[in-house]
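Everything below belongs to coords.txt, which stores compact mmCIF, C-alpha atoms.
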# COMPACT_ATOMS: atom_id res chain seq x y z
CA MET D 1 90.28 82.66 95.40
CA SER D 2 89.72 79.88 97.90
CA GLN D 3 92.66 77.94 99.37
CA PRO D 4 91.70 74.57 97.76
CA ALA D 5 91.30 76.22 94.35
CA LEU D 6 94.65 77.97 94.72
CA SER D 7 96.39 74.74 95.73
CA GLY D 8 94.85 72.96 92.78
CA SER D 9 95.98 75.67 90.36
CA VAL D 10 99.55 75.59 91.71
CA SER D 11 99.64 71.79 91.46
CA ALA D 12 98.40 71.96 87.86
CA LEU D 13 101.10 74.53 87.03
CA GLU D 14 103.77 72.34 88.61
CA GLU D 15 102.62 69.42 86.46
CA VAL D 16 102.72 71.48 83.27
CA LEU D 17 106.18 72.90 84.04
CA GLY D 18 107.55 69.65 85.40
CA VAL D 19 109.10 71.31 88.47
CA THR D 20 108.19 71.70 92.14
CA LEU D 21 107.35 75.33 92.84
CA LEU D 22 106.46 75.07 96.52
CA GLU D 23 107.86 73.25 99.53
CA ARG D 24 104.88 72.18 101.62
CA THR D 25 104.95 71.17 105.27
CA THR D 26 102.20 70.86 107.86
CA ARG D 27 103.18 74.26 109.30
CA LYS D 28 104.04 76.47 106.32
CA VAL D 29 104.50 76.76 102.57
CA LEU D 30 107.70 78.16 101.01
CA LEU D 31 108.86 78.81 97.48
CA SER D 32 111.30 76.17 96.29
CA PRO D 33 114.57 77.32 94.65
CA ALA D 34 112.95 76.66 91.26
CA GLY D 35 109.84 78.53 92.40
CA GLU D 36 111.91 81.58 93.39
CA ARG D 37 113.57 81.69 89.96
CA LEU D 38 110.33 81.27 88.05
CA ALA D 39 108.50 83.81 90.24
CA VAL D 40 110.76 86.55 88.86
CA ARG D 41 109.82 85.60 85.29
CA ALA D 42 106.16 85.28 86.25
CA LYS D 43 106.13 88.81 87.66
CA ALA D 44 107.65 90.16 84.44
CA VAL D 45 104.99 88.34 82.41
CA LEU D 46 102.19 89.72 84.61
CA ASP D 47 103.63 93.25 84.35
CA GLU D 48 103.60 92.98 80.56
CA VAL D 49 100.04 91.63 80.55
CA GLY D 50 99.03 94.55 82.78
CA ALA D 51 100.70 97.01 80.40
CA LEU D 52 98.88 95.36 77.47
CA LEU D 53 95.53 95.80 79.20
CA GLU D 54 96.34 99.42 80.06
CA GLU D 55 97.29 100.11 76.45
CA ALA D 56 94.05 98.60 75.19
CA GLU D 57 92.04 100.60 77.71
CA ALA D 58 93.82 103.83 76.79
CA VAL D 59 93.17 103.31 73.08
CA ARG D 60 89.56 102.33 73.67
CA ALA D 61 88.62 105.18 76.00
CA PRO D 62 91.22 107.74 77.21
CA PHE D 63 90.75 109.18 80.70
CA THR D 64 88.56 106.33 81.91
CA GLY D 65 89.22 103.58 84.43
CA VAL D 66 91.48 103.81 87.46
CA LEU D 67 94.38 106.25 87.85
CA ARG D 68 96.43 105.68 91.01
CA LEU D 69 98.10 108.98 91.90
CA GLY D 70 100.83 109.18 94.53
CA VAL D 71 101.42 112.55 96.23
CA ILE D 72 103.98 113.69 98.82
CA PRO D 73 102.62 115.15 102.10
CA THR D 74 104.11 118.62 101.51
CA VAL D 75 102.17 118.94 98.24
CA ALA D 76 98.95 117.00 98.84
CA PRO D 77 96.96 119.45 101.05
CA TYR D 78 97.77 122.45 98.87
CA LEU D 79 97.43 121.06 95.33
CA LEU D 80 94.84 118.30 95.65
CA PRO D 81 91.87 120.72 95.66
CA THR D 82 93.04 121.98 92.26
CA VAL D 83 93.75 118.47 90.96
CA LEU D 84 90.44 117.04 92.14
CA HIS D 85 88.45 119.96 90.75
CA LEU D 86 90.17 119.58 87.38
CA VAL D 87 89.56 115.83 87.20
CA HIS D 88 85.94 116.19 88.30
CA ASP D 89 85.20 118.84 85.66
CA ARG D 90 87.30 117.68 82.71
CA TYR D 91 87.64 113.90 83.20
CA PRO D 92 84.43 112.78 84.93
CA HIS D 93 84.88 109.13 83.92
CA LEU D 94 88.36 108.87 85.43
CA ASP D 95 88.49 106.96 88.73
CA LEU D 96 91.22 108.89 90.55
CA GLN D 97 92.67 107.12 93.59
CA VAL D 98 95.06 109.19 95.74
CA HIS D 99 97.88 107.80 97.89
CA GLU D 100 99.81 110.20 100.16
CA GLU D 101 103.30 108.83 100.92
CA GLN D 102 106.89 109.94 101.19
CA THR D 103 109.04 110.17 98.07
CA ALA D 104 110.98 106.91 98.39
CA THR D 105 107.79 104.88 98.92
CA LEU D 106 106.10 106.61 95.99
CA VAL D 107 108.99 105.86 93.63
CA ASP D 108 109.00 102.22 94.71
CA GLY D 109 105.26 102.10 94.08
CA LEU D 110 105.70 103.57 90.62
CA HIS D 111 108.38 101.05 89.70
CA SER D 112 106.36 98.10 91.02
CA GLY D 113 103.19 99.16 89.20
CA ARG D 114 101.27 99.83 92.42
CA LEU D 115 101.02 103.50 91.39
CA ASP D 116 100.54 104.99 87.92
CA LEU D 117 101.55 108.62 88.35
CA LEU D 118 103.29 110.72 91.00
CA LEU D 119 102.98 114.36 92.06
CA LEU D 120 106.11 115.39 93.92
CA ALA D 121 109.21 117.56 94.13
CA VAL D 122 111.92 116.95 91.53
CA PRO D 123 114.51 116.24 90.27
CA LEU D 124 114.40 112.62 91.36
CA GLY D 125 117.42 111.38 89.43
CA VAL D 126 115.84 107.93 89.16
CA PRO D 127 116.30 105.75 86.05
CA GLY D 128 113.13 104.66 84.31
CA VAL D 129 111.11 107.70 85.41
CA VAL D 130 110.00 110.59 83.19
CA GLU D 131 109.31 113.94 84.87
CA LEU D 132 106.65 116.32 83.56
CA PRO D 133 107.45 119.71 85.17
CA LEU D 134 104.51 121.74 86.44
CA TYR D 135 105.79 124.73 88.41
CA ASP D 136 108.50 126.33 90.55
CA GLU D 137 107.65 127.95 93.87
CA ASP D 138 109.65 130.03 96.32
CA PHE D 139 110.24 129.22 99.96
CA VAL D 140 109.19 131.70 102.63
CA LEU D 141 110.73 132.08 106.08
CA VAL D 142 108.20 131.71 108.92
CA THR D 143 109.16 133.18 112.29
CA PRO D 144 107.62 133.59 115.76
CA PRO D 145 106.28 137.03 116.74
CA GLY D 146 108.90 139.62 117.59
CA HIS D 147 111.63 137.94 115.53
CA ARG D 148 114.05 140.41 113.94
CA LEU D 149 113.40 138.98 110.45
CA GLY D 150 109.63 138.69 110.80
CA GLY D 151 107.72 140.70 108.19
CA ARG D 152 110.82 141.69 106.22
CA GLU D 153 111.24 141.45 102.45
CA GLY D 154 114.37 140.77 100.43
CA ILE D 155 116.33 139.06 103.21
CA PRO D 156 119.59 137.42 102.04
CA ARG D 157 119.97 133.65 102.16
CA GLU D 158 122.95 134.14 104.43
CA ALA D 159 120.49 135.07 107.18
CA LEU D 160 119.83 131.32 107.55
CA LYS D 161 123.31 130.82 108.99
CA GLU D 162 122.36 132.02 112.47
CA LEU D 163 118.75 130.82 112.76
CA THR D 164 117.35 128.01 114.85
CA LEU D 165 115.73 126.11 112.03
CA LEU D 166 112.93 123.60 112.62
CA LEU D 167 112.64 120.78 110.08
CA LEU D 168 110.45 117.86 109.13
CA ASP D 169 111.38 114.31 110.10
CA GLU D 170 113.80 112.16 108.11
CA GLY D 171 112.33 110.88 104.85
CA HIS D 172 110.57 114.10 103.82
CA CYS D 173 112.10 115.62 100.70
CA LEU D 174 111.28 119.10 102.06
CA ARG D 175 113.71 118.45 104.91
CA ASP D 176 116.47 117.64 102.43
CA GLN D 177 115.63 120.73 100.39
CA ALA D 178 115.82 122.94 103.48
CA LEU D 179 119.21 121.48 104.39
CA ASP D 180 120.44 122.06 100.83
CA ILE D 181 119.33 125.70 101.05
CA CYS D 182 121.23 126.08 104.32
CA ARG D 183 124.38 124.66 102.73
CA GLU D 184 124.00 127.00 99.75
CA ALA D 185 123.74 129.87 102.24
CA GLY D 186 127.13 128.88 103.65
CA ARG D 187 125.93 127.02 106.71
CA GLU D 188 128.29 124.15 107.44
CA ASP D 189 125.83 122.29 109.62
CA ALA D 190 122.20 122.63 110.60
CA PRO D 191 121.85 121.10 114.07
CA VAL D 192 118.28 120.00 114.59
CA THR D 193 116.90 119.44 118.07
CA THR D 194 113.19 119.49 117.21
CA THR D 195 111.43 117.92 114.22
CA ALA D 196 107.85 117.38 113.10
CA ALA D 197 105.97 114.82 111.04
CA GLY D 198 104.04 117.46 109.11
CA LEU D 199 103.98 121.14 108.23
CA SER D 200 100.98 121.83 110.47
CA THR D 201 102.94 120.75 113.54
CA LEU D 202 106.01 122.59 112.31
CA VAL D 203 104.27 125.98 112.18
CA GLN D 204 102.77 125.44 115.63
CA LEU D 205 106.29 124.87 116.97
CA VAL D 206 107.33 128.14 115.34
CA ALA D 207 104.33 129.93 116.85
CA GLY D 208 105.43 128.59 120.23
CA GLY D 209 108.79 130.28 119.85
CA LEU D 210 110.98 127.20 119.32
CA GLY D 211 112.55 128.51 116.12
CA CYS D 212 111.91 129.34 112.47
CA THR D 213 111.09 127.21 109.44
CA LEU D 214 110.83 127.31 105.65
CA LEU D 215 107.46 126.87 103.95
CA PRO D 216 106.70 126.56 100.23
CA ARG D 217 104.45 129.41 99.11
CA THR D 218 101.57 127.09 98.24
CA ALA D 219 101.43 126.03 101.90
CA LEU D 220 101.61 129.53 103.36
CA ALA D 221 97.93 130.55 103.30
CA LEU D 222 96.70 127.34 104.90
CA GLU D 223 99.48 126.72 107.41
CA ALA D 224 100.23 130.30 108.50
CA GLY D 225 96.52 130.91 108.85
CA ARG D 226 96.36 128.35 111.67
CA SER D 227 97.90 130.80 114.15
CA SER D 228 98.01 134.54 114.68
CA ARG D 229 101.43 134.13 116.32
CA LEU D 230 103.39 133.83 113.08
CA LEU D 231 105.31 136.25 110.89
CA THR D 232 106.66 135.66 107.41
CA ALA D 233 109.66 137.00 105.53
CA SER D 234 110.55 136.75 101.85
CA PHE D 235 114.01 136.20 100.39
CA ALA D 236 115.89 138.39 97.95
CA ASP D 237 115.92 137.19 94.34
CA PRO D 238 116.73 134.57 93.37
CA ALA D 239 114.79 133.13 96.30
CA PRO D 240 115.32 129.51 97.29
CA SER D 241 112.69 127.42 95.53
CA ARG D 242 111.53 123.92 94.65
CA ARG D 243 110.16 122.37 91.46
CA VAL D 244 107.06 120.18 91.45
CA ALA D 245 106.22 117.78 88.65
CA LEU D 246 104.23 114.76 87.62
CA ALA D 247 106.33 111.62 87.21
CA MET D 248 105.53 108.48 85.23
CA ARG D 249 107.29 105.30 84.20
CA THR D 250 109.35 105.50 81.02
CA GLY D 251 107.26 103.98 78.24
CA ALA D 252 104.03 104.07 80.27
CA ALA D 253 101.08 102.85 78.23
CA ARG D 254 99.08 105.96 79.10
CA SER D 255 101.93 108.45 78.66
CA ALA D 256 99.93 110.56 76.17
CA GLU D 257 97.13 110.89 78.73
CA TYR D 258 99.57 111.86 81.49
CA GLU D 259 101.15 114.52 79.28
CA GLU D 260 97.71 115.92 78.46
CA LEU D 261 96.84 115.90 82.16
CA ALA D 262 100.07 117.80 82.92
CA THR D 263 99.16 120.44 80.33
CA ALA D 264 95.67 120.84 81.78
CA LEU D 265 97.05 121.00 85.31
CA ARG D 266 99.51 123.76 84.40
CA GLY D 267 96.58 125.87 83.29
CA ALA D 268 94.62 125.14 86.46
CA LEU D 269 97.59 126.09 88.65
CA ARG D 270 97.94 129.65 87.35
CA PRO D 271 95.92 131.25 90.19
CA LEU D 272 98.33 129.78 92.77
CA PRO D 273 101.49 131.63 93.97
CA VAL D 274 103.76 129.64 91.66
CA ARG D 275 105.69 130.03 88.40
CA VAL D 276 104.00 127.68 85.95
CA LEU D 277 106.45 125.97 83.60
CA SER D 278 106.27 124.88 80.00
CA ALA D 279 106.38 121.23 79.01
CA GLU D 280 109.99 121.69 77.86
CA ALA D 281 111.26 123.16 81.17

What is this file in structure tokens?
Amino acid sequence: MSQPALSGSVSALEEVLGVTLLERTTRKVLLSPAGERLAVRAKAVLDEVGALLEEAEAVRAPFTGVLRLGVIPTVAPYLLPTVLHLVHDRYPHLDLQVHEEQTATLVDGLHSGRLDLLLLAVPLGVPGVVELPLYDEDFVLVTPPGHRLGGREGIPREALKELTLLLLDEGHCLRDQALDICREAGREDAPVTTTAAGLSTLVQLVAGGLGCTLLPRTALALEAGRSSRLLTASFADPAPSRRVALAMRTGAARSAEYEELATALRGALRPLPVRVLSAEA
């Protein structure tokens, strides 16, 4: 929309409402106090109109149009091939758009309507969000060569008490999960001197002998395969694990589609090293 057309539309709206929405100067344009109040209502109206259009589209032709999927970085590289293959084969008219972001940004995007569906670790504990569980997966300990735990099976969680543990940067839910596992193992603190922005860097730091790390099993084949200087160790049952789910807004117009997608995705995930869950899990 051109600037003159926009200005004309705003002026017409001001005349209809009988209030000044903008404060105009030669240098900038600001919302007036009345404009700030009405903008909140306007956003709510637009959200409802958007939901109405989504509902009409879903009724008219399910699994068509745009689906904006948000995925966390510690899931995206390992699950997206399965997700994309499923969508391509089963829902060819669905325009899937993928956004890889950290959990907090994804949840904000879901609430604001910027994203439609999330694929991430749960529980979120966020009001207004419905979680559709997909699977549980164990964590595996990754060590440098020659480490006393490398290659072992059935190691106790308490072994984490004395390890130099390498973690992801702040903001990654996998970092928080690793710290929770350490606390469950009886570790009072987990001093971190080295962190990484992604799992690929993390395993290279392990291969270089800087410490050990925890990887979800779905990441093991890809990440551990990047270096021959890595050993893995599995934990005794019950092994530390994480749950991954789809998440949607409560009352989403396309909730039936998202639930069907979750069911189809559970079936597609069975070849992976995970424990696929039922819809009621």

My list of candidates is D:Val66, D:Leu79, D:Leu86, D:Ile72. Which is closest to D:Arg217 when distances are computed with all atoms listed in the file? D:Leu79

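Each of D:Leu167, D:Ala252, D:Leu272, D:Leu261 was checked against D:Glu48 using all atoms listed in the file; the smallest atom-to-atom distance is that of D:Ala252.
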
Show me, as JSON lines, the residues of stretch 101-142 of chain D having an atom within 10 Å of stretch 148-157 of chain D, each with the closest atom pair and its distance in Å, using all atoms listed in the file.
{"residue": "D:Val140", "atom": "CA", "partner": "D:Glu153", "partner_atom": "CA", "distance": 10.0}
{"residue": "D:Leu141", "atom": "CA", "partner": "D:Gly150", "partner_atom": "CA", "distance": 8.2}
{"residue": "D:Val142", "atom": "CA", "partner": "D:Gly150", "partner_atom": "CA", "distance": 7.4}

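Here atom CA of D:Arg175 and atom CA of D:Val98 stand 22.8 Å from one another.
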
Nearest to D:Pro62, chosen from D:His93, D:Arg242, D:His147, D:His172, with only C-alpha atoms counted in the distances: D:His93

Contacts of stretch 106-116 of chain D at 7 Å or less, counting all atoms listed in the file, minus same-chain residues fewer than 6 places along, as a list in words? Leu67, Arg68, Leu69, Gly70, Met248 and Arg249 of chain D

Residues within 12 Å of stretch 30-32 of chain D, please, as a ChimeraX atom specification. Count only C-alpha atoms; anything in the same chain fewer than 4 positions from it doesn't count. /D:10,14,19-26,36-40

Best match for closeness to D:Asp89 among D:Leu166, D:Ala264, D:Ala104, D:Leu120, counting only C-alpha atoms: D:Ala264

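Checking D:Gly198, D:Gly50, D:Gly65, D:Gly251 one by one against D:Val129, counting all atoms listed in the file, you find the shortest gap at D:Gly251.
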
Give me the residues within 9 Å of stretch 184-189 of chain D as a VMD selection string, counting all atoms listed in the file and dropping any in the same chain fewer than 3 places off. chain D and resid 156 to 162 179 to 181

For atom CA of D:Ser241 and atom CA of D:Glu223, the interatomic separation in Å (one decimal): 17.8 Å

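Considering all atoms listed in the file, the residue among D:Gln3, D:Asp47, D:Ser234, D:Phe63 positioned nearest to D:His88 is D:Phe63.
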
Quick one: residues within 10 Å of D:Glu100, all atoms listed in the file counted, chain neighbours fewer than 3 positions away excluded, as a ChimeraX atom specification? /D:69-77,103,105-106,118-119

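Atom pair atom CA of D:Val83 / atom CA of D:Leu265: separated by 7.0 Å.
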
Pick out the residues sitting within 6 Å of D:Gly211, and hand them over as a compact mmCIF listing (two decimals) with C-alpha atoms, keeping the file's coordinate frame; count only C-alpha atoms, and ignore anything fewer than 5 positions along from it in its own chain.
# COMPACT_ATOMS: atom_id res chain seq x y z
CA THR D 164 117.35 128.01 114.85
CA LEU D 165 115.73 126.11 112.03
CA VAL D 206 107.33 128.14 115.34

Using only C-alpha atoms, collect all residues at a distance of at most 12 Å from (97.1, 131.2, 111.5) as written in the file, then present them as a PyMOL selection string. chain D and resi 142+144+200+203-204+206-207+219-232

Would you pull stretch 181-251 of chain D out of the block just shown and save C-alpha atoms as an mmCIF file, in the first residue's frame?
data_model
loop_
_atom_site.group_PDB
_atom_site.id
_atom_site.type_symbol
_atom_site.label_atom_id
_atom_site.label_comp_id
_atom_site.auth_asym_id
_atom_site.auth_seq_id
_atom_site.Cartn_x
_atom_site.Cartn_y
_atom_site.Cartn_z
ATOM 1 C CA ILE D 181 18.892 -34.316 34.552
ATOM 2 C CA CYS D 182 22.027 -33.308 36.454
ATOM 3 C CA ARG D 183 19.938 -32.108 39.393
ATOM 4 C CA GLU D 184 17.946 -35.360 39.367
ATOM 5 C CA ALA D 185 21.268 -37.215 39.480
ATOM 6 C CA GLY D 186 22.137 -35.367 42.684
ATOM 7 C CA ARG D 187 24.423 -32.748 41.206
ATOM 8 C CA GLU D 188 24.045 -29.514 43.148
ATOM 9 C CA ASP D 189 25.549 -27.363 40.434
ATOM 10 C CA ALA D 190 26.719 -27.818 36.880
ATOM 11 C CA PRO D 191 29.474 -25.255 36.286
ATOM 12 C CA VAL D 192 29.721 -24.516 32.592
ATOM 13 C CA THR D 193 32.853 -22.993 31.110
ATOM 14 C CA THR D 194 32.192 -23.813 27.450
ATOM 15 C CA THR D 195 28.908 -23.605 25.532
ATOM 16 C CA ALA D 196 27.807 -23.955 21.917
ATOM 17 C CA ALA D 197 25.063 -22.522 19.735
ATOM 18 C CA GLY D 198 24.219 -25.896 18.197
ATOM 19 C CA LEU D 199 24.643 -29.633 18.648
ATOM 20 C CA SER D 200 27.094 -29.896 15.743
ATOM 21 C CA THR D 201 29.545 -27.586 17.509
ATOM 22 C CA LEU D 202 28.901 -29.320 20.810
ATOM 23 C CA VAL D 203 29.990 -32.742 19.553
ATOM 24 C CA GLN D 204 33.107 -31.254 17.957
ATOM 25 C CA LEU D 205 34.046 -29.807 21.350
ATOM 26 C CA VAL D 206 33.588 -33.274 22.840
ATOM 27 C CA ALA D 207 35.718 -34.812 20.093
ATOM 28 C CA GLY D 208 38.406 -32.265 20.963
ATOM 29 C CA GLY D 209 38.496 -33.530 24.531
ATOM 30 C CA LEU D 210 36.879 -30.563 26.285
ATOM 31 C CA GLY D 211 34.259 -32.661 28.052
ATOM 32 C CA CYS D 212 31.133 -34.776 27.568
ATOM 33 C CA THR D 213 27.588 -33.938 26.507
ATOM 34 C CA LEU D 214 24.074 -35.352 26.302
ATOM 35 C CA LEU D 215 22.446 -35.970 22.925
ATOM 36 C CA PRO D 216 18.877 -37.053 22.170
ATOM 37 C CA ARG D 217 18.875 -40.383 20.332
ATOM 38 C CA THR D 218 17.368 -38.897 17.181
ATOM 39 C CA ALA D 219 20.457 -36.676 16.853
ATOM 40 C CA LEU D 220 23.009 -39.414 17.489
ATOM 41 C CA ALA D 221 23.429 -40.866 13.990
ATOM 42 C CA LEU D 222 23.891 -37.487 12.317
ATOM 43 C CA GLU D 223 25.939 -35.689 14.959
ATOM 44 C CA ALA D 224 28.149 -38.554 16.178
ATOM 45 C CA GLY D 225 28.820 -39.486 12.574
ATOM 46 C CA ARG D 226 30.611 -36.162 12.038
ATOM 47 C CA SER D 227 33.710 -37.387 13.873
ATOM 48 C CA SER D 228 35.483 -40.678 14.485
ATOM 49 C CA ARG D 229 36.765 -39.288 17.798
ATOM 50 C CA LEU D 230 33.541 -39.860 19.731
ATOM 51 C CA LEU D 231 32.241 -42.608 21.982
ATOM 52 C CA THR D 232 28.717 -43.072 23.284
ATOM 53 C CA ALA D 233 27.297 -44.564 26.455
ATOM 54 C CA SER D 234 23.725 -45.472 27.343
ATOM 55 C CA PHE D 235 22.042 -45.005 30.713
ATOM 56 C CA ALA D 236 20.424 -47.631 32.894
ATOM 57 C CA ASP D 237 16.617 -47.752 32.802
ATOM 58 C CA PRO D 238 14.794 -45.539 33.260
ATOM 59 C CA ALA D 239 17.126 -43.453 31.113
ATOM 60 C CA PRO D 240 16.801 -39.672 31.141
ATOM 61 C CA SER D 241 14.535 -38.669 28.270
ATOM 62 C CA ARG D 242 12.555 -35.874 26.659
ATOM 63 C CA ARG D 243 9.082 -35.701 25.126
ATOM 64 C CA VAL D 244 8.443 -34.066 21.750
ATOM 65 C CA ALA D 245 5.021 -32.903 20.624
ATOM 66 C CA LEU D 246 3.098 -30.703 18.261
ATOM 67 C CA ALA D 247 1.571 -27.646 19.922
ATOM 68 C CA MET D 248 -1.324 -25.511 18.723
ATOM 69 C CA ARG D 249 -3.448 -22.668 20.048
ATOM 70 C CA THR D 250 -6.438 -23.675 22.144
ATOM 71 C CA GLY D 251 -9.487 -23.488 19.901
#
